[in-house]
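Data from query35.txt: compact mmCIF, C-alpha atoms
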# COMPACT_ATOMS: atom_id res chain seq x y z
CA MET A 117 66.83 -17.74 -77.61
CA ASP A 118 65.18 -19.42 -74.67
CA LEU A 119 61.61 -18.70 -75.81
CA PHE A 120 62.03 -21.09 -78.73
CA VAL A 121 64.60 -23.59 -77.43
CA GLY A 122 63.59 -27.05 -78.57
CA LYS A 123 60.08 -25.87 -79.46
CA LEU A 124 59.91 -25.18 -83.16
CA SER A 125 61.34 -24.31 -86.49
CA LEU A 126 60.63 -20.96 -88.06
CA THR A 127 59.85 -20.10 -91.65
CA ASN A 128 60.40 -17.12 -93.94
CA LYS A 129 58.62 -15.62 -96.92
CA HIS A 130 60.40 -18.12 -99.18
CA GLN A 131 58.84 -20.96 -97.12
CA ASP A 132 62.23 -22.24 -95.96
CA THR A 133 62.37 -24.13 -92.66
CA ILE A 134 64.81 -22.53 -90.22
CA ASN A 135 66.07 -23.79 -86.88
CA ALA A 136 64.88 -21.14 -84.40
CA GLU A 137 67.42 -21.95 -81.71
CA GLU A 138 70.31 -21.67 -84.14
CA VAL A 139 69.31 -18.51 -85.99
CA LEU A 140 68.24 -16.56 -82.87
CA ARG A 141 71.21 -17.48 -80.69
CA ASN A 142 72.82 -14.39 -79.08
CA LYS A 143 70.40 -11.98 -80.76
CA VAL A 144 67.94 -9.38 -79.62
CA VAL A 145 64.59 -10.30 -81.15
CA GLY A 146 61.52 -8.30 -82.08
CA LEU A 147 58.36 -10.38 -81.72
CA PHE A 148 55.99 -8.82 -84.24
CA PHE A 149 52.30 -9.62 -83.69
CA ALA A 150 50.17 -8.54 -86.67
CA HIS A 151 47.86 -9.58 -89.49
CA TYR A 152 47.23 -8.53 -93.06
CA GLY A 153 43.60 -7.50 -92.53
CA CYS A 154 44.69 -4.72 -90.15
CA PRO A 155 45.46 -1.41 -91.95
CA SER A 156 47.59 -0.10 -89.07
CA CYS A 157 49.53 -3.39 -89.11
CA ARG A 158 50.32 -2.96 -92.79
CA ASP A 159 51.41 0.66 -92.25
CA PHE A 160 53.64 -0.31 -89.32
CA THR A 161 55.08 -3.26 -91.27
CA ILE A 162 56.44 -0.93 -93.96
CA SER A 163 58.30 1.14 -91.34
CA LEU A 164 59.49 -1.96 -89.50
CA ALA A 165 60.82 -3.47 -92.73
CA ASP A 166 62.82 -0.30 -93.44
CA PHE A 167 64.22 -0.35 -89.89
CA TYR A 168 65.05 -4.06 -90.12
CA ASN A 169 66.89 -3.62 -93.41
CA ASP A 170 68.95 -0.74 -91.95
CA VAL A 171 69.89 -2.82 -88.89
CA GLN A 172 70.83 -5.80 -91.05
CA GLU A 173 73.12 -3.62 -93.18
CA GLN A 174 74.96 -2.69 -89.96
CA ASN A 175 75.34 -6.40 -89.02
CA GLU A 176 73.67 -5.89 -85.66
CA PRO A 177 72.63 -9.06 -83.75
CA PHE A 178 68.92 -8.43 -84.24
CA GLU A 179 66.09 -10.44 -85.77
CA ILE A 180 62.34 -10.08 -86.26
CA VAL A 181 59.97 -13.01 -85.71
CA PHE A 182 56.49 -12.48 -87.15
CA ILE A 183 53.64 -13.98 -85.16
CA SER A 184 50.64 -14.05 -87.44
CA HIS A 185 47.07 -13.41 -86.42
CA ASP A 186 45.91 -13.99 -89.99
CA LYS A 187 42.76 -16.03 -90.65
CA SER A 188 44.51 -18.38 -93.08
CA VAL A 189 47.96 -19.52 -94.08
CA GLN A 190 47.29 -17.92 -97.50
CA ASP A 191 46.68 -14.52 -95.86
CA MET A 192 49.87 -14.91 -93.84
CA ARG A 193 51.94 -15.83 -96.90
CA HIS A 194 50.46 -12.97 -98.92
CA TYR A 195 51.29 -10.50 -96.13
CA MET A 196 54.83 -11.82 -95.83
CA VAL A 197 55.57 -11.74 -99.54
CA GLU A 198 53.96 -8.36 -100.14
CA LEU A 199 55.20 -6.29 -97.19
CA HIS A 200 57.71 -8.07 -94.97
CA ALA A 201 61.46 -7.75 -95.03
CA ASP A 202 63.43 -11.01 -95.07
CA TRP A 203 62.60 -11.84 -91.48
CA LEU A 204 61.34 -14.99 -89.82
CA ALA A 205 57.90 -16.21 -88.80
CA VAL A 206 56.31 -18.74 -86.51
CA PRO A 207 54.47 -21.18 -88.79
CA TRP A 208 50.76 -20.39 -89.15
CA ALA A 209 48.50 -21.77 -86.39
CA ASN A 210 51.43 -23.17 -84.38
CA PRO A 211 50.32 -23.62 -80.73
CA ILE A 212 53.22 -21.45 -79.52
CA ILE A 213 51.40 -18.44 -80.99
CA GLU A 214 48.76 -18.63 -78.27
CA GLU A 215 51.44 -19.16 -75.63
CA LEU A 216 53.28 -16.03 -76.78
CA LYS A 217 50.06 -14.00 -76.95
CA ASP A 218 49.30 -14.99 -73.36
CA GLN A 219 52.85 -14.51 -72.10
CA PHE A 220 53.12 -10.99 -73.55
CA ARG A 221 49.44 -10.10 -72.96
CA ILE A 222 48.75 -9.27 -76.59
CA THR A 223 45.28 -7.79 -76.95
CA VAL A 224 45.73 -5.54 -80.00
CA THR A 225 47.83 -5.52 -83.14
CA PRO A 226 50.22 -4.40 -84.35
CA LYS A 227 52.44 -5.06 -81.36
CA LEU A 228 56.21 -5.31 -81.26
CA ILE A 229 57.86 -6.83 -78.20
CA ILE A 230 61.66 -6.61 -77.99
CA VAL A 231 63.33 -9.42 -76.05
CA ASN A 232 66.93 -10.20 -75.21
CA GLU A 233 68.78 -13.37 -76.13
CA ASN A 234 67.34 -15.11 -73.04
CA GLY A 235 63.74 -14.15 -73.86
CA GLY A 236 63.51 -11.43 -71.22
CA THR A 237 61.50 -8.38 -72.21
CA ILE A 238 63.52 -5.29 -73.09
CA THR A 239 60.43 -3.30 -74.05
CA ASN A 240 56.82 -4.02 -74.87
CA THR A 241 56.35 -0.64 -76.54
CA GLY A 242 58.59 -1.34 -79.52

Take the structure in this file and express it as structure tokens.
Amino acid sequence: MDLFVGKLSLTNKHQDTINAEEVLRNKVVGLFFAHYGCPSCRDFTISLADFYNDVQEQNEPFEIVFISHDKSVQDMRHYMVELHADWLAVPWANPIIEELKDQFRITVTPKLIIVNENGGTITNTG
């Protein structure tokens, strides 16, 4: 996916390091902006996790990348372990988070932006 080409590795709730370019290649991606301290984020996360698990069972080329607005890496990890499906995340406080917030004009959370394999927006009302 062009948004992350050569820019970073991702992580997951098991704290593995994952090559973003490799794992997102030829996939539609949901960029999920949220944080644990937001009740509506937590509620939406439960529904999104159910949806994600259903899509994964169907072997669809789709992935979620969590973009944390948490106040600490501990809050982010807690949120991921407690409520997330087995999706990916931009490492906490990585500078690309601010770039993505600006690019997609994120002003409130939760927000789910669906992008194609080239990083073009499919919908910003995911």

Can you pull out the residues contacting Cys157 in chain A? Cut-off 9 Å, using only C-alpha atoms, and skip same-chain residues under 5 positions away; I want them as a list in words. Phe149, Ala150, His151, Tyr152, Ile162, Thr225, Pro226 and Lys227 of chain A

Name the closest residue to Val224 in chain A among the candidates A:Val145, A:Met192, A:Cys154, A:Leu126; distances are taken between atoms, counting only C-alpha atoms.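 The answer is A:Cys154, which sits nearest to Val224 in chain A.
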
For CA of Val181 in chain A and CA of Lys143 in chain A, determine how far apart the two atoms are, in Å to one decimal place.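 Taking CA of Val181 in chain A and CA of Lys143 in chain A, their separation equals 11.6 Å.
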
Residues at most 12 Å from Val197 in chain A, counting all atoms listed in the file, excluding those fewer than 2 positions away in the same chain, as a PDB file with C-alpha atoms, in the coordinates of the input?
ATOM      1  CA  ASN A 128      60.400 -17.120 -93.940  1.00  0.00           C
ATOM      2  CA  LYS A 129      58.620 -15.620 -96.920  1.00  0.00           C
ATOM      3  CA  HIS A 130      60.400 -18.120 -99.180  1.00  0.00           C
ATOM      4  CA  GLN A 131      58.840 -20.960 -97.120  1.00  0.00           C
ATOM      5  CA  TYR A 152      47.230  -8.530 -93.060  1.00  0.00           C
ATOM      6  CA  THR A 161      55.080  -3.260 -91.270  1.00  0.00           C
ATOM      7  CA  ALA A 165      60.820  -3.470 -92.730  1.00  0.00           C
ATOM      8  CA  GLN A 190      47.290 -17.920 -97.500  1.00  0.00           C
ATOM      9  CA  ASP A 191      46.680 -14.520 -95.860  1.00  0.00           C
ATOM     10  CA  MET A 192      49.870 -14.910 -93.840  1.00  0.00           C
ATOM     11  CA  ARG A 193      51.940 -15.830 -96.900  1.00  0.00           C
ATOM     12  CA  HIS A 194      50.460 -12.970 -98.920  1.00  0.00           C
ATOM     13  CA  TYR A 195      51.290 -10.500 -96.130  1.00  0.00           C
ATOM     14  CA  LEU A 199      55.200  -6.290 -97.190  1.00  0.00           C
ATOM     15  CA  HIS A 200      57.710  -8.070 -94.970  1.00  0.00           C
ATOM     16  CA  ALA A 201      61.460  -7.750 -95.030  1.00  0.00           C
ATOM     17  CA  ASP A 202      63.430 -11.010 -95.070  1.00  0.00           C
ATOM     18  CA  TRP A 203      62.600 -11.840 -91.480  1.00  0.00           C
ATOM     19  CA  LEU A 204      61.340 -14.990 -89.820  1.00  0.00           C
ATOM     20  CA  ALA A 205      57.900 -16.210 -88.800  1.00  0.00           C
TER      21      ALA A 205
END

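CA of Gln172 in chain A sits 25.4 Å away from CA of Phe220 in chain A.
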
Point (51.8, -24.7, -90.2), cut-off 10 Å, counting only C-alpha atoms, residues as a PyMOL selection string: chain A and resi 126-127+189+206-211

Go through A:Asn175, A:Asn169, A:Ser184, A:Thr237 one by one, measure the shortest atom-to-atom distance of each to Lys217 in chain A using only C-alpha atoms, and give the residue with the smallest value.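 For Lys217 in chain A, the nearest of the given residues is A:Ser184.
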
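Among the candidates A:Asn142, A:Met196, A:Phe148, A:Glu137, the residue lying nearest to Asn240 in chain A is A:Phe148 (atoms considered: all atoms listed in the file).
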
Which polymer residues, whether protein, DNA or RNA, lie within 12 Å of the coordinate (61.8, -7.6, -75.3) when you count only C-alpha atoms? List them as JSON, numbers by chain, using the chain letters and numbers from the file. {"A": [117, 119, 143, 144, 145, 146, 147, 148, 178, 179, 180, 181, 219, 220, 227, 228, 229, 230, 231, 232, 233, 234, 235, 236, 237, 238, 239, 240, 241, 242]}

Straight-line distance linking CA of His185 in chain A with CA of Asp170 in chain A, stated in Å to one decimal: 25.9 Å

Let me have the centre and edge lengths of the axis-aligned box enclosing all listed atoms of range 189-198 of chain A with 3 Å padding on every side, in Å to one decimal, as AutoDock Vina command-line options.
--center_x 51.1 --center_y -13.9 --center_z -97.0 --size_x 14.9 --size_y 17.2 --size_z 12.3
